[in-house]
Structure formats: structure tokens, C-alpha cells
>>> print(open('input24.pdb').read())   # PDB, C-alpha atoms
MODEL        1
ATOM      1  CA  MET W1333      37.345 210.099 146.194
ATOM      2  CA  ILE W1334      39.300 212.214 143.946
ATOM      3  CA  THR W1335      41.777 209.355 143.461
ATOM      4  CA  ILE W1336      39.079 206.867 142.567
ATOM      5  CA  ALA W1337      37.606 209.309 140.197
ATOM      6  CA  SER W1338      41.031 209.804 138.629
ATOM      7  CA  LEU W1339      41.513 206.098 138.232
ATOM      8  CA  GLY W1340      38.138 205.870 136.524
ATOM      9  CA  ASP W1341      39.140 208.574 134.230
ATOM     10  CA  THR W1342      42.353 206.812 133.441
ATOM     11  CA  ALA W1343      40.533 203.613 132.562
ATOM     12  CA  GLN W1344      38.057 205.491 130.492
ATOM     13  CA  GLY W1345      40.972 207.105 128.751
ATOM     14  CA  ILE W1346      42.558 203.762 127.956
ATOM     15  CA  VAL W1347      39.293 202.392 126.658
ATOM     16  CA  ASP W1348      38.871 205.338 124.502
ATOM     17  CA  THR W1349      42.444 205.283 123.345
ATOM     18  CA  PHE W1350      42.424 201.633 122.309
ATOM     19  CA  GLY W1351      38.850 201.696 120.998
ATOM     20  CA  ILE W1352      37.511 198.853 123.185
ATOM     21  CA  ASP W1353      33.981 197.835 122.390
ATOM     22  CA  TRP W1354      32.818 195.995 125.420
ATOM     23  CA  PRO W1355      30.032 193.962 123.885
ATOM     24  CA  MET W1356      32.322 192.923 121.098
ATOM     25  CA  LEU W1357      34.987 192.109 123.594
ATOM     26  CA  ILE W1358      32.632 190.011 125.641
ATOM     27  CA  ALA W1359      31.293 188.260 122.529
ATOM     28  CA  GLN W1360      34.805 187.573 121.389
ATOM     29  CA  ALA W1361      35.663 186.313 124.809
ATOM     30  CA  ILE W1362      32.683 183.982 124.749
ATOM     31  CA  ASN W1363      33.628 182.853 121.222
ATOM     32  CA  PHE W1364      37.156 182.312 122.386
ATOM     33  CA  LEU W1365      35.972 180.250 125.296
ATOM     34  CA  ILE W1366      33.692 178.163 123.074
ATOM     35  CA  VAL W1367      36.494 177.586 120.550
ATOM     36  CA  ALA W1368      38.886 176.856 123.366
ATOM     37  CA  PHE W1369      36.470 174.362 124.854
ATOM     38  CA  VAL W1370      35.858 172.687 121.504
ATOM     39  CA  ILE W1371      39.556 172.552 120.789
ATOM     40  CA  TRP W1372      40.323 171.245 124.274
ATOM     41  CA  LYS W1373      37.493 168.754 124.045
ATOM     42  CA  PHE W1374      38.038 167.385 120.541
ATOM     43  CA  ALA W1375      41.631 168.195 119.548
ATOM     44  CA  PHE W1376      43.794 169.099 122.450
ATOM     45  CA  LYS W1377      42.721 166.106 124.490
ATOM     46  CA  ASN W1378      43.557 163.719 121.642
ATOM     47  CA  ILE W1379      46.789 165.480 121.002
ATOM     48  CA  LEU W1380      47.661 165.247 124.685
ATOM     49  CA  SER W1381      46.735 161.632 124.721
ATOM     50  CA  THR W1382      48.802 161.030 121.597
ATOM     51  CA  ILE W1383      51.673 162.964 123.115
ATOM     52  CA  LYS W1384      51.385 160.987 126.311
ATOM     53  CA  GLU W1385      51.282 157.792 124.302
ATOM     54  CA  ARG W1386      54.312 158.835 122.304
ATOM     55  CA  GLU W1387      56.039 159.848 125.515
ATOM     56  CA  LYS W1388      55.204 156.496 126.945
ATOM     57  CA  GLN W1389      56.430 154.777 123.799
ATOM     58  CA  ILE W1390      59.594 156.815 123.876
ATOM     59  CA  SER W1391      59.996 156.075 127.526
ATOM     60  CA  ASP W1392      59.374 152.386 126.879
ATOM     61  CA  SER W1393      61.741 152.487 123.973
ATOM     62  CA  LEU W1394      64.376 154.139 126.096
ATOM     63  CA  SER W1395      63.855 151.655 128.871
ATOM     64  CA  ASN W1396      63.894 148.868 126.304
ATOM     65  CA  ALA W1397      67.041 150.318 124.849
ATOM     66  CA  ASP W1398      68.577 150.439 128.308
ATOM     67  CA  ARG W1399      67.428 146.898 128.959
ATOM     68  CA  ILE W1400      68.711 145.777 125.609
ATOM     69  CA  LYS W1401      71.956 147.571 126.259
ATOM     70  CA  LEU W1402      72.219 145.855 129.599
ATOM     71  CA  GLU W1403      71.278 142.555 128.068
ATOM     72  CA  LEU W1404      73.788 143.149 125.317
ATOM     73  CA  GLU W1405      76.427 143.929 127.865
ATOM     74  CA  GLU W1406      75.413 140.837 129.789
ATOM     75  CA  THR W1407      75.445 138.818 126.610
ATOM     76  CA  GLU W1408      78.835 140.194 125.684
ATOM     77  CA  LYS W1409      80.058 139.374 129.133
ATOM     78  CA  GLN W1410      78.628 135.901 128.899
ATOM     79  CA  GLN W1411      80.106 135.547 125.447
ATOM     80  CA  GLN W1412      83.481 136.567 126.798
ATOM     81  CA  GLU W1413      83.120 134.112 129.632
ATOM     82  CA  THR W1414      81.981 131.424 127.225
ATOM     83  CA  LEU W1415      84.896 132.209 124.959
ATOM     84  CA  GLN W1416      87.267 132.057 127.885
ATOM     85  CA  GLU W1417      85.712 128.792 129.041
ATOM     86  CA  ALA W1418      85.827 127.457 125.514
ATOM     87  CA  SER W1419      89.410 128.576 125.215
ATOM     88  CA  LEU W1420      90.282 126.893 128.495
ATOM     89  CA  ALA W1421      88.399 123.772 127.487
ATOM     90  CA  ALA W1422      90.127 123.804 124.114
ATOM     91  CA  LYS W1423      93.498 124.233 125.805
ATOM     92  CA  LYS W1424      92.646 121.392 128.161
ATOM     93  CA  THR W1425      91.497 119.234 125.288
ATOM     94  CA  ILE W1426      94.622 120.022 123.299
ATOM     95  CA  SER W1427      96.786 119.334 126.311
ATOM     96  CA  SER W1428      94.942 116.094 126.980
ATOM     97  CA  ALA W1429      95.180 115.135 123.325
ATOM     98  CA  GLN W1430      98.886 115.913 123.348
ATOM     99  CA  ASP W1431      99.321 113.812 126.463
ATOM    100  CA  GLN W1432      97.337 110.991 124.941
ATOM    101  CA  ALA W1433      99.307 111.277 121.727
ATOM    102  CA  LYS W1434     102.544 111.171 123.686
ATOM    103  CA  ALA W1435     101.308 108.172 125.658
ATOM    104  CA  LEU W1436     100.199 106.481 122.443
ATOM    105  CA  ILE W1437     103.528 107.175 120.791
ATOM    106  CA  GLU W1438     105.351 105.828 123.828
ATOM    107  CA  SER W1439     103.108 102.784 123.899
ATOM    108  CA  GLN W1440     103.656 102.184 120.196
ATOM    109  CA  LYS W1441     107.381 102.654 120.634
ATOM    110  CA  GLU W1442     107.321 100.127 123.460
ATOM    111  CA  ASP W1443     105.274  97.709 121.369
ATOM    112  CA  ALA W1444     107.612  98.168 118.427
ATOM    113  CA  ARG W1445     110.614  97.614 120.690
ATOM    114  CA  LYS W1446     109.041  94.461 122.110
ATOM    115  CA  GLN W1447     108.172  93.208 118.644
ATOM    116  CA  ALA W1448     111.668  93.932 117.443
ATOM    117  CA  GLU W1449     113.109  92.083 120.435
ATOM    118  CA  GLU W1450     110.758  89.188 119.802
ATOM    119  CA  ILE W1451     111.708  89.069 116.110
ATOM    120  CA  ILE W1452     115.398  89.192 117.003
ATOM    121  CA  SER W1453     114.909  86.492 119.617
ATOM    122  CA  LYS W1454     113.019  84.282 117.177
ATOM    123  CA  ALA W1455     115.629  84.918 114.514
ATOM    124  CA  LYS W1456     118.367  83.950 116.976
ATOM    125  CA  ILE W1457     116.498  80.772 117.891
ATOM    126  CA  ALA W1458     115.907  79.981 114.232
ATOM    127  CA  MET W1459     119.576  80.630 113.453
ATOM    128  CA  GLU W1460     120.617  78.433 116.335
ATOM    129  CA  GLN W1461     118.248  75.689 115.213
ATOM    130  CA  GLU W1462     119.501  76.032 111.639
ATOM    131  CA  ARG W1463     123.098  75.890 112.841
ATOM    132  CA  GLU W1464     122.279  72.789 114.911
ATOM    133  CA  ARG W1465     120.538  71.208 111.954
ATOM    134  CA  VAL W1466     123.426  71.944 109.607
ATOM    135  CA  LEU W1467     125.923  70.628 112.139
ATOM    136  CA  ARG W1468     123.822  67.531 112.745
ATOM    137  CA  GLU W1469     123.479  66.913 109.023
ATOM    138  CA  ALA W1470     127.194  67.465 108.556
ATOM    139  CA  ARG W1471     127.966  65.073 111.394
ATOM    140  CA  GLU W1472     125.581  62.505 109.947
ATOM    141  CA  GLU W1473     127.041  62.947 106.495
ATOM    142  CA  ILE W1474     130.599  62.694 107.753
ATOM    143  CA  ALA W1475     129.735  59.677 109.901
ATOM    144  CA  SER W1476     127.990  58.049 106.963
ATOM    145  CA  LEU W1477     130.970  58.712 104.709
ATOM    146  CA  VAL W1478     133.389  57.461 107.341
ATOM    147  CA  LEU W1479     131.272  54.360 107.827
ATOM    148  CA  LEU W1480     131.047  53.723 104.110
ATOM    149  CA  THR W1481     134.724  54.322 103.501
ATOM    150  CA  THR W1482     135.815  52.281 106.470
ATOM    151  CA  SER W1483     133.497  49.452 105.487
ATOM    152  CA  LYS W1484     134.884  49.420 101.971
ATOM    153  CA  VAL W1485     138.452  49.659 103.144
ATOM    154  CA  LEU W1486     138.013  46.949 105.758
ATOM    155  CA  SER W1487     136.121  44.574 103.508
ATOM    156  CA  LYS W1488     138.846  45.013 100.907
ATOM    157  CA  ASP W1489     141.866  45.049 103.177
ATOM    158  CA  LEU W1490     140.907  42.393 105.698
ATOM    159  CA  SER W1491     142.085  38.974 104.678
ATOM    160  CA  ALA W1492     139.904  35.895 104.980
ATOM    161  CA  GLU W1493     142.043  34.736 107.869
ATOM    162  CA  GLU W1494     141.563  38.021 109.730
ATOM    163  CA  LYS W1495     137.827  37.920 109.122
ATOM    164  CA  GLU W1496     137.727  34.354 110.408
ATOM    165  CA  ARG W1497     139.772  35.260 113.471
ATOM    166  CA  PHE W1498     137.462  38.179 114.256
ATOM    167  CA  SER W1499     134.375  36.006 113.765
ATOM    168  CA  SER W1500     135.818  33.256 115.921
ATOM    169  CA  ARG W1501     136.639  35.671 118.727
ATOM    170  CA  ALA W1502     133.203  37.284 118.489
ATOM    171  CA  THR W1503     131.587  33.855 118.688
ATOM    172  CA  GLU W1504     133.606  33.007 121.776
ATOM    173  CA  GLU W1505     132.442  36.218 123.423
ATOM    174  CA  LEU W1506     128.821  35.561 122.470
ATOM    175  CA  ASN W1507     126.495  35.410 125.460
ATOM    176  CA  LEU W1508     122.989  34.418 124.412
ATOM    177  CA  THR W1509     121.521  34.535 127.911
ATOM    178  CA  SER W1510     121.904  38.287 128.247
TER     179      SER W1510
ATOM    180  CA  MET Y 620      86.471  28.646 114.759
ATOM    181  CA  SER Y 621      90.183  28.681 115.497
ATOM    182  CA  SER Y 622      89.744  27.857 119.170
ATOM    183  CA  LYS Y 623      87.450  24.986 118.252
ATOM    184  CA  TYR Y 624      90.171  23.245 116.248
ATOM    185  CA  ASN Y 625      93.168  24.350 118.290
ATOM    186  CA  ASN Y 626      93.600  21.048 120.067
ATOM    187  CA  LEU Y 627      93.310  19.070 116.830
ATOM    188  CA  VAL Y 628      95.867  21.270 115.073
ATOM    189  CA  ARG Y 629      98.211  21.069 118.061
ATOM    190  CA  GLU Y 630      97.978  17.285 117.913
ATOM    191  CA  LEU Y 631      98.669  17.327 114.167
ATOM    192  CA  VAL Y 632     101.782  19.484 114.698
ATOM    193  CA  LYS Y 633     102.922  17.086 117.415
ATOM    194  CA  ARG Y 634     102.503  14.197 115.010
ATOM    195  CA  SER Y 635     104.492  16.141 112.410
ATOM    196  CA  SER Y 636     107.505  16.323 114.761
ATOM    197  CA  ASN Y 637     110.019  13.607 115.582
ATOM    198  CA  GLU Y 638     111.014  12.412 119.057
ATOM    199  CA  HIS Y 639     113.249  15.527 119.460
ATOM    200  CA  GLY Y 640     110.367  17.823 118.654
ATOM    201  CA  VAL Y 641     111.751  18.744 115.234
ATOM    202  CA  VAL Y 642     109.261  19.025 112.392
ATOM    203  CA  GLU Y 643     110.077  16.559 109.642
ATOM    204  CA  GLU Y 644     108.905  16.684 106.081
ATOM    205  CA  THR Y 645     107.922  13.011 105.932
ATOM    206  CA  LEU Y 646     105.834  13.258 109.046
ATOM    207  CA  VAL Y 647     104.123  16.359 107.681
ATOM    208  CA  LYS Y 648     103.330  14.480 104.483
ATOM    209  CA  ASP Y 649     101.879  11.638 106.545
ATOM    210  CA  VAL Y 650      99.668  14.017 108.436
ATOM    211  CA  LEU Y 651      98.472  15.661 105.249
ATOM    212  CA  SER Y 652      97.678  12.333 103.597
ATOM    213  CA  GLY Y 653      95.813  11.292 106.737
ATOM    214  CA  LEU Y 654      93.780  14.460 106.584
ATOM    215  CA  LYS Y 655      93.052  13.843 102.917
ATOM    216  CA  GLU Y 656      91.829  10.345 103.580
ATOM    217  CA  GLY Y 657      89.791  11.256 106.630
ATOM    218  CA  ASN Y 658      88.365  14.337 104.903
ATOM    219  CA  PRO Y 659      87.082  15.927 108.121
ATOM    220  CA  PRO Y 660      84.432  18.654 107.941
ATOM    221  CA  ARG Y 661      85.830  22.150 107.356
ATOM    222  CA  HIS Y 662      89.145  20.655 106.377
ATOM    223  CA  ARG Y 663      90.185  23.926 104.637
ATOM    224  CA  GLU Y 664      90.113  25.845 107.884
ATOM    225  CA  ILE Y 665      91.964  23.040 109.629
ATOM    226  CA  LEU Y 666      94.625  23.028 106.928
ATOM    227  CA  LYS Y 667      95.046  26.780 107.210
ATOM    228  CA  LEU Y 668      95.489  26.572 110.958
ATOM    229  CA  TYR Y 669      97.851  23.624 110.584
ATOM    230  CA  LEU Y 670      99.969  25.585 108.055
ATOM    231  CA  THR Y 671     100.162  28.567 110.384
ATOM    232  CA  GLU Y 672     101.175  26.426 113.310
ATOM    233  CA  ILE Y 673     103.761  24.496 111.304
ATOM    234  CA  ARG Y 674     105.313  27.765 110.076
ATOM    235  CA  LYS Y 675     105.375  29.107 113.614
ATOM    236  CA  THR Y 676     107.000  25.910 114.892
ATOM    237  CA  LEU Y 677     109.549  25.882 112.094
ATOM    238  CA  ARG Y 678     110.380  29.538 112.789
ATOM    239  CA  GLN Y 679     110.892  28.727 116.453
ATOM    240  CA  GLN Y 680     113.092  25.760 115.586
ATOM    241  CA  LEU Y 681     115.209  27.603 113.104
ATOM    242  CA  VAL Y 682     118.276  29.621 114.044
ATOM    243  CA  GLU Y 683     119.540  31.785 111.206
ATOM    244  CA  VAL Y 684     123.230  32.458 111.430
ATOM    245  CA  GLU Y 685     124.966  34.902 109.127
ATOM    246  CA  LEU Y 686     128.756  35.033 109.142
ATOM    247  CA  GLY Y 687     131.037  37.666 107.741
ATOM    248  CA  CYS Y 688     133.572  34.990 106.784
ATOM    249  CA  GLN Y 689     133.329  31.580 105.213
ATOM    250  CA  PRO Y 690     131.690  29.204 107.713
ATOM    251  CA  ASN Y 691     134.087  26.763 109.355
ATOM    252  CA  ASP Y 692     133.537  23.919 111.768
ATOM    253  CA  SER Y 693     135.082  25.535 114.787
ATOM    254  CA  ILE Y 694     132.833  28.592 114.606
ATOM    255  CA  ILE Y 695     129.702  26.540 113.879
ATOM    256  CA  SER Y 696     130.380  24.074 116.655
ATOM    257  CA  ALA Y 697     131.020  26.893 119.099
ATOM    258  CA  LEU Y 698     127.752  28.522 118.076
ATOM    259  CA  LYS Y 699     125.863  25.233 118.346
ATOM    260  CA  ALA Y 700     127.204  24.666 121.810
ATOM    261  CA  LYS Y 701     126.073  28.094 122.964
ATOM    262  CA  ILE Y 702     122.639  27.743 121.361
ATOM    263  CA  ASP Y 703     122.157  24.274 122.875
ATOM    264  CA  ASP Y 704     122.997  25.697 126.261
ATOM    265  CA  LEU Y 705     120.296  28.277 125.789
ATOM    266  CA  ALA Y 706     117.581  25.903 124.578
ATOM    267  CA  ALA Y 707     118.539  22.543 126.051
ATOM    268  CA  SER Y 708     115.004  21.164 126.028
ATOM    269  CA  GLN Y 709     114.300  22.226 122.462
ATOM    270  CA  SER Y 710     115.824  20.965 119.252
ATOM    271  CA  LEU Y 711     116.948  23.800 117.045
ATOM    272  CA  GLU Y 712     118.097  23.726 113.472
ATOM    273  CA  LEU Y 713     121.002  25.931 112.474
ATOM    274  CA  GLN Y 714     120.882  27.616 109.068
ATOM    275  CA  VAL Y 715     124.281  29.115 108.340
ATOM    276  CA  SER Y 716     124.944  31.536 105.516
ATOM    277  CA  THR Y 717     127.578  34.098 104.534
ATOM    278  CA  ASN Y 718     126.848  37.813 104.540
ATOM    279  CA  GLU Y 719     129.733  39.867 103.211
ATOM    280  CA  ASN Y 720     128.117  43.078 104.365
ATOM    281  CA  LEU Y 721     129.004  42.110 107.905
ATOM    282  CA  ILE Y 722     132.708  42.208 106.853
ATOM    283  CA  ALA Y 723     133.542  39.959 109.800
ATOM    284  CA  GLY Y 724     131.628  38.613 112.797
ATOM    285  CA  TYR Y 725     128.145  37.154 113.031
ATOM    286  CA  ARG Y 726     124.416  37.926 113.140
ATOM    287  CA  ILE Y 727     122.121  35.373 114.771
ATOM    288  CA  ARG Y 728     118.337  35.481 114.494
ATOM    289  CA  LEU Y 729     116.743  33.344 117.193
ATOM    290  CA  VAL Y 730     112.927  33.475 117.052
ATOM    291  CA  ASP Y 731     112.309  37.170 117.758
ATOM    292  CA  ASP Y 732     115.785  38.075 119.003
ATOM    293  CA  VAL Y 733     118.749  39.170 116.940
ATOM    294  CA  PHE Y 734     122.296  38.929 118.283
ATOM    295  CA  GLU Y 735     124.976  40.640 116.292
ATOM    296  CA  ASP Y 736     128.655  41.328 116.704
ATOM    297  CA  SER Y 737     130.198  42.271 113.414
ATOM    298  CA  ILE Y 738     132.515  44.936 112.097
ATOM    299  CA  GLN Y 739     129.541  46.465 110.325
ATOM    300  CA  SER Y 740     127.508  46.711 113.546
ATOM    301  CA  ARG Y 741     130.477  48.163 115.423
ATOM    302  CA  LEU Y 742     130.961  50.770 112.724
ATOM    303  CA  SER Y 743     127.253  51.568 112.830
ATOM    304  CA  LYS Y 744     127.414  52.041 116.598
ATOM    305  CA  LEU Y 745     130.457  54.269 116.145
ATOM    306  CA  SER Y 746     128.608  56.278 113.531
ATOM    307  CA  GLN Y 747     125.575  56.625 115.785
ATOM    308  CA  SER Y 748     127.777  57.841 118.628
ATOM    309  CA  PHE Y 749     128.961  60.665 116.352
ATOM    310  CA  THR Y 750     125.484  61.773 115.430
ATOM    311  CA  SER Y 751     123.726  61.400 118.798
TER     312      SER Y 751
ENDMDL
END
>>> encode(input="input24.pdb", output="C-alpha cells")
Amino acid sequence: MITIASLGDTAQGIVDTFGIDWPMLIAQAINFLIVAFVIWKFAFKNILSTIKEREKQISDSLSNADRIKLELEETEKQQQETLQEASLAAKKTISSAQDQAKALIESQKEDARKQAEEIISKAKIAMEQERERVLREAREEIASLVLLTTSKVLSKDLSAEEKERFSSRATEELNLTS
Amino acid sequence: MSSKYNNLVRELVKRSSNEHGVVEETLVKDVLSGLKEGNPPRHREILKLYLTEIRKTLRQQLVEVELGCQPNDSIISALKAKIDDLAASQSLELQVSTNENLIAGYRIRLVDDVFEDSIQSRLSKLSQSFTS
């Protein structure tokens, strides 16, 4: 009992010391509660909602950033792969083009060689024909000259008697039935 | 037209030839005067055909002989003998001339055939043998 009484004294002492006015305290507490309610109801709730929204936005942004980062990485990877593929394709194309160019050059060389051979062959034939023609013309010319000269010489040198003897012998050898 | 008068023209040519089948100028004149007197229809065509036939007959009866030397009896008689042997049934007339281009030898034209053995022809053959 004594203890309880002492505790009551102690509390009374504190109240006295700090100057607590209970009605005022209660009124202030009620005011505080009302203000707190109003704030919670009209401000704090909106702020919380805004904060939550911002958090969500931030979270979305972060997730978007992660996604974009991943996508970027994926894109970079794909780009690298594409570049590698393109590089390979380009190498293949270049190699193929080089092969084709080599084949074309070889083919053209072969064609040129064949054409050259053909030209040489034709030239040889033409030369041979020309040589034959010249020889033939020379032979004809020589034969013609020989014939002319011999005719002149014979017609001049043969006497009438020799001509008659030749004609007579030719007539004897004449065979009209053949 | 020509076939229609062929027999007549043939008969006229026959009448223009002597008993040896040789066309004679007098007989031809007789035929022509007969035609003139008779004045048959289309006598121009008949005369044309008659001329053609006479030319053909004369060409067949003529033997052209060219000699590289002056013609002499021995050569001509030898030629005549050979030609008579060939065409015993037909009378042929020999026309002999000199052709100095032959140098020596002969060239005989008998209807469509030509027989030649002359120095010129031998030289030509020699020349051809060089060029062929």
C-alpha cells in the first residue's frame, strides 16, 4: 500500500514538475488525432499512393532497363553473329568471285589460244594456197612462154620440106575411126 | 509449122543433090525457080526451112582440112582415102587450106568432130601437162 501510494506521489510529482494540464493534454491529443486523421485521409494517402506509383514506375523503369539491357545484349550478340555471318558470306562471295574470275580468265585464255591457233592455221592455209597459186601461175607463164618461143622458133627454123614430111607422117598415122 | 513441111523440104533437098548425094548449085537454082513458079502457100516459111536444111546438108558434106604446110597431092590423096573409108556411103567434099599457126601437121573438121595432129597441138598438150 505504501508502495502504491509512493508511486502515486511520484507521478503527481512529475505532473507537477512538468506542469501537465490534463484537459489541455487531452484536447491536444484529440486535436492531434483529428489532424492526423485529416492528414492521413487527405494527404498521406495520396502521398503514399504517389510514392507507390513512383516506386512502381521506378521498378518498371528498372525492369525495363534490365529488359532493354538484355535486349541490347541480345541485339549486340545478334549483330555480332550477323556480322560474322556477313563476313563469312562476304568471304565466300569473294572466294567464289575469285574462282569465277579465275575460271573466266582461264576460259578466255583458252578461247584466245584457240582463236590464235585458228588464225595461224588459216594463215598457213592461205599462205599455202597463195604459194600454190603463185607456182601455178609461174608454171602457166613459163609454159606459155616456152610454147610461144618454141612455136616461133619451130615455125622459123623448120623448112617447108620438114613441115611437109611431118604433115605427111601425121596424115599416115591418122585414124578417123577412133 | 516446121513438122508440117518437113517432108516437102526433105524432098526439095533431095532434088537439090546429084546422084552421089552432093548438093549442087544448079540443082538448087532449079528447085528455087520451081518454088517461085509454083508459089505455094507460106512459101517464106518453106524457103527458110529449105535454107536451114541445105546449110545442114552442106555442112555434113564438107570436110575442112587445114594443113601446116603447102598442100600437096600425096597428103590430100591420103586424106581423101581415109575420109572415104570412114564415110563410104556418103559423098564428102574436101576443102583444103593452109594454116601457118599449125606449124606442121593437120586439123580436120568433120561435121562436129575435129581431128588434129600438128606441132602446135603437141606443144599445147606439152604446155598443159606442165600446168596440170
>>> resolve_selection(input="input24.pdb", expression="the PyMOL selection byres ((chain Y and resi 711) around 8)", output="ChimeraX atom specification")
/Y:641,679-682,703,706,709-710,712-713
>>> interface_residues(input="input24.pdb", of="chain Y", to="chain W", cutoff="9 Å", atoms="all atoms listed in the file", output="PyMOL selection string")
chain Y and resi 686-691+693-695+697-698+701-702+704-705+719-725+734-739+742-743+745-747+749-751
>>> write_last_selection(input="input24.pdb", atoms="C-alpha atoms", output="CSV table (one decimal), in the frame of the given file")
chain,number,residue,atom,x,y,z
Y,686,LEU,CA,128.8,35.0,109.1
Y,687,GLY,CA,131.0,37.7,107.7
Y,688,CYS,CA,133.6,35.0,106.8
Y,689,GLN,CA,133.3,31.6,105.2
Y,690,PRO,CA,131.7,29.2,107.7
Y,691,ASN,CA,134.1,26.8,109.4
Y,693,SER,CA,135.1,25.5,114.8
Y,694,ILE,CA,132.8,28.6,114.6
Y,695,ILE,CA,129.7,26.5,113.9
Y,697,ALA,CA,131.0,26.9,119.1
Y,698,LEU,CA,127.8,28.5,118.1
Y,701,LYS,CA,126.1,28.1,123.0
Y,702,ILE,CA,122.6,27.7,121.4
Y,704,ASP,CA,123.0,25.7,126.3
Y,705,LEU,CA,120.3,28.3,125.8
Y,719,GLU,CA,129.7,39.9,103.2
Y,720,ASN,CA,128.1,43.1,104.4
Y,721,LEU,CA,129.0,42.1,107.9
Y,722,ILE,CA,132.7,42.2,106.9
Y,723,ALA,CA,133.5,40.0,109.8
Y,724,GLY,CA,131.6,38.6,112.8
Y,725,TYR,CA,128.1,37.2,113.0
Y,734,PHE,CA,122.3,38.9,118.3
Y,735,GLU,CA,125.0,40.6,116.3
Y,736,ASP,CA,128.7,41.3,116.7
Y,737,SER,CA,130.2,42.3,113.4
Y,738,ILE,CA,132.5,44.9,112.1
Y,739,GLN,CA,129.5,46.5,110.3
Y,742,LEU,CA,131.0,50.8,112.7
Y,743,SER,CA,127.3,51.6,112.8
Y,745,LEU,CA,130.5,54.3,116.1
Y,746,SER,CA,128.6,56.3,113.5
Y,747,GLN,CA,125.6,56.6,115.8
Y,749,PHE,CA,129.0,60.7,116.4
Y,750,THR,CA,125.5,61.8,115.4
Y,751,SER,CA,123.7,61.4,118.8
>>> atom_distance(input="input24.pdb", atom1="CA of Leu646 in chain Y", atom2="CA of Ile665 in chain Y")
17.0 Å
>>> atom_distance(input="input24.pdb", atom1="CA of Ile1371 in chain W", atom2="CA of Ser1391 in chain W")
27.1 Å
>>> atom_distance(input="input24.pdb", atom1="CA of Arg634 in chain Y", atom2="CA of Leu677 in chain Y")
14.0 Å
>>> axis_aligned_box(input="input24.pdb", around="range 1343-1351 of chain W", padding_each_side="5 Å", output="lines of an AutoDock Vina configuration file")
center_x = 40.3
center_y = 204.4
center_z = 126.8
size_x = 14.5
size_y = 15.5
size_z = 21.6
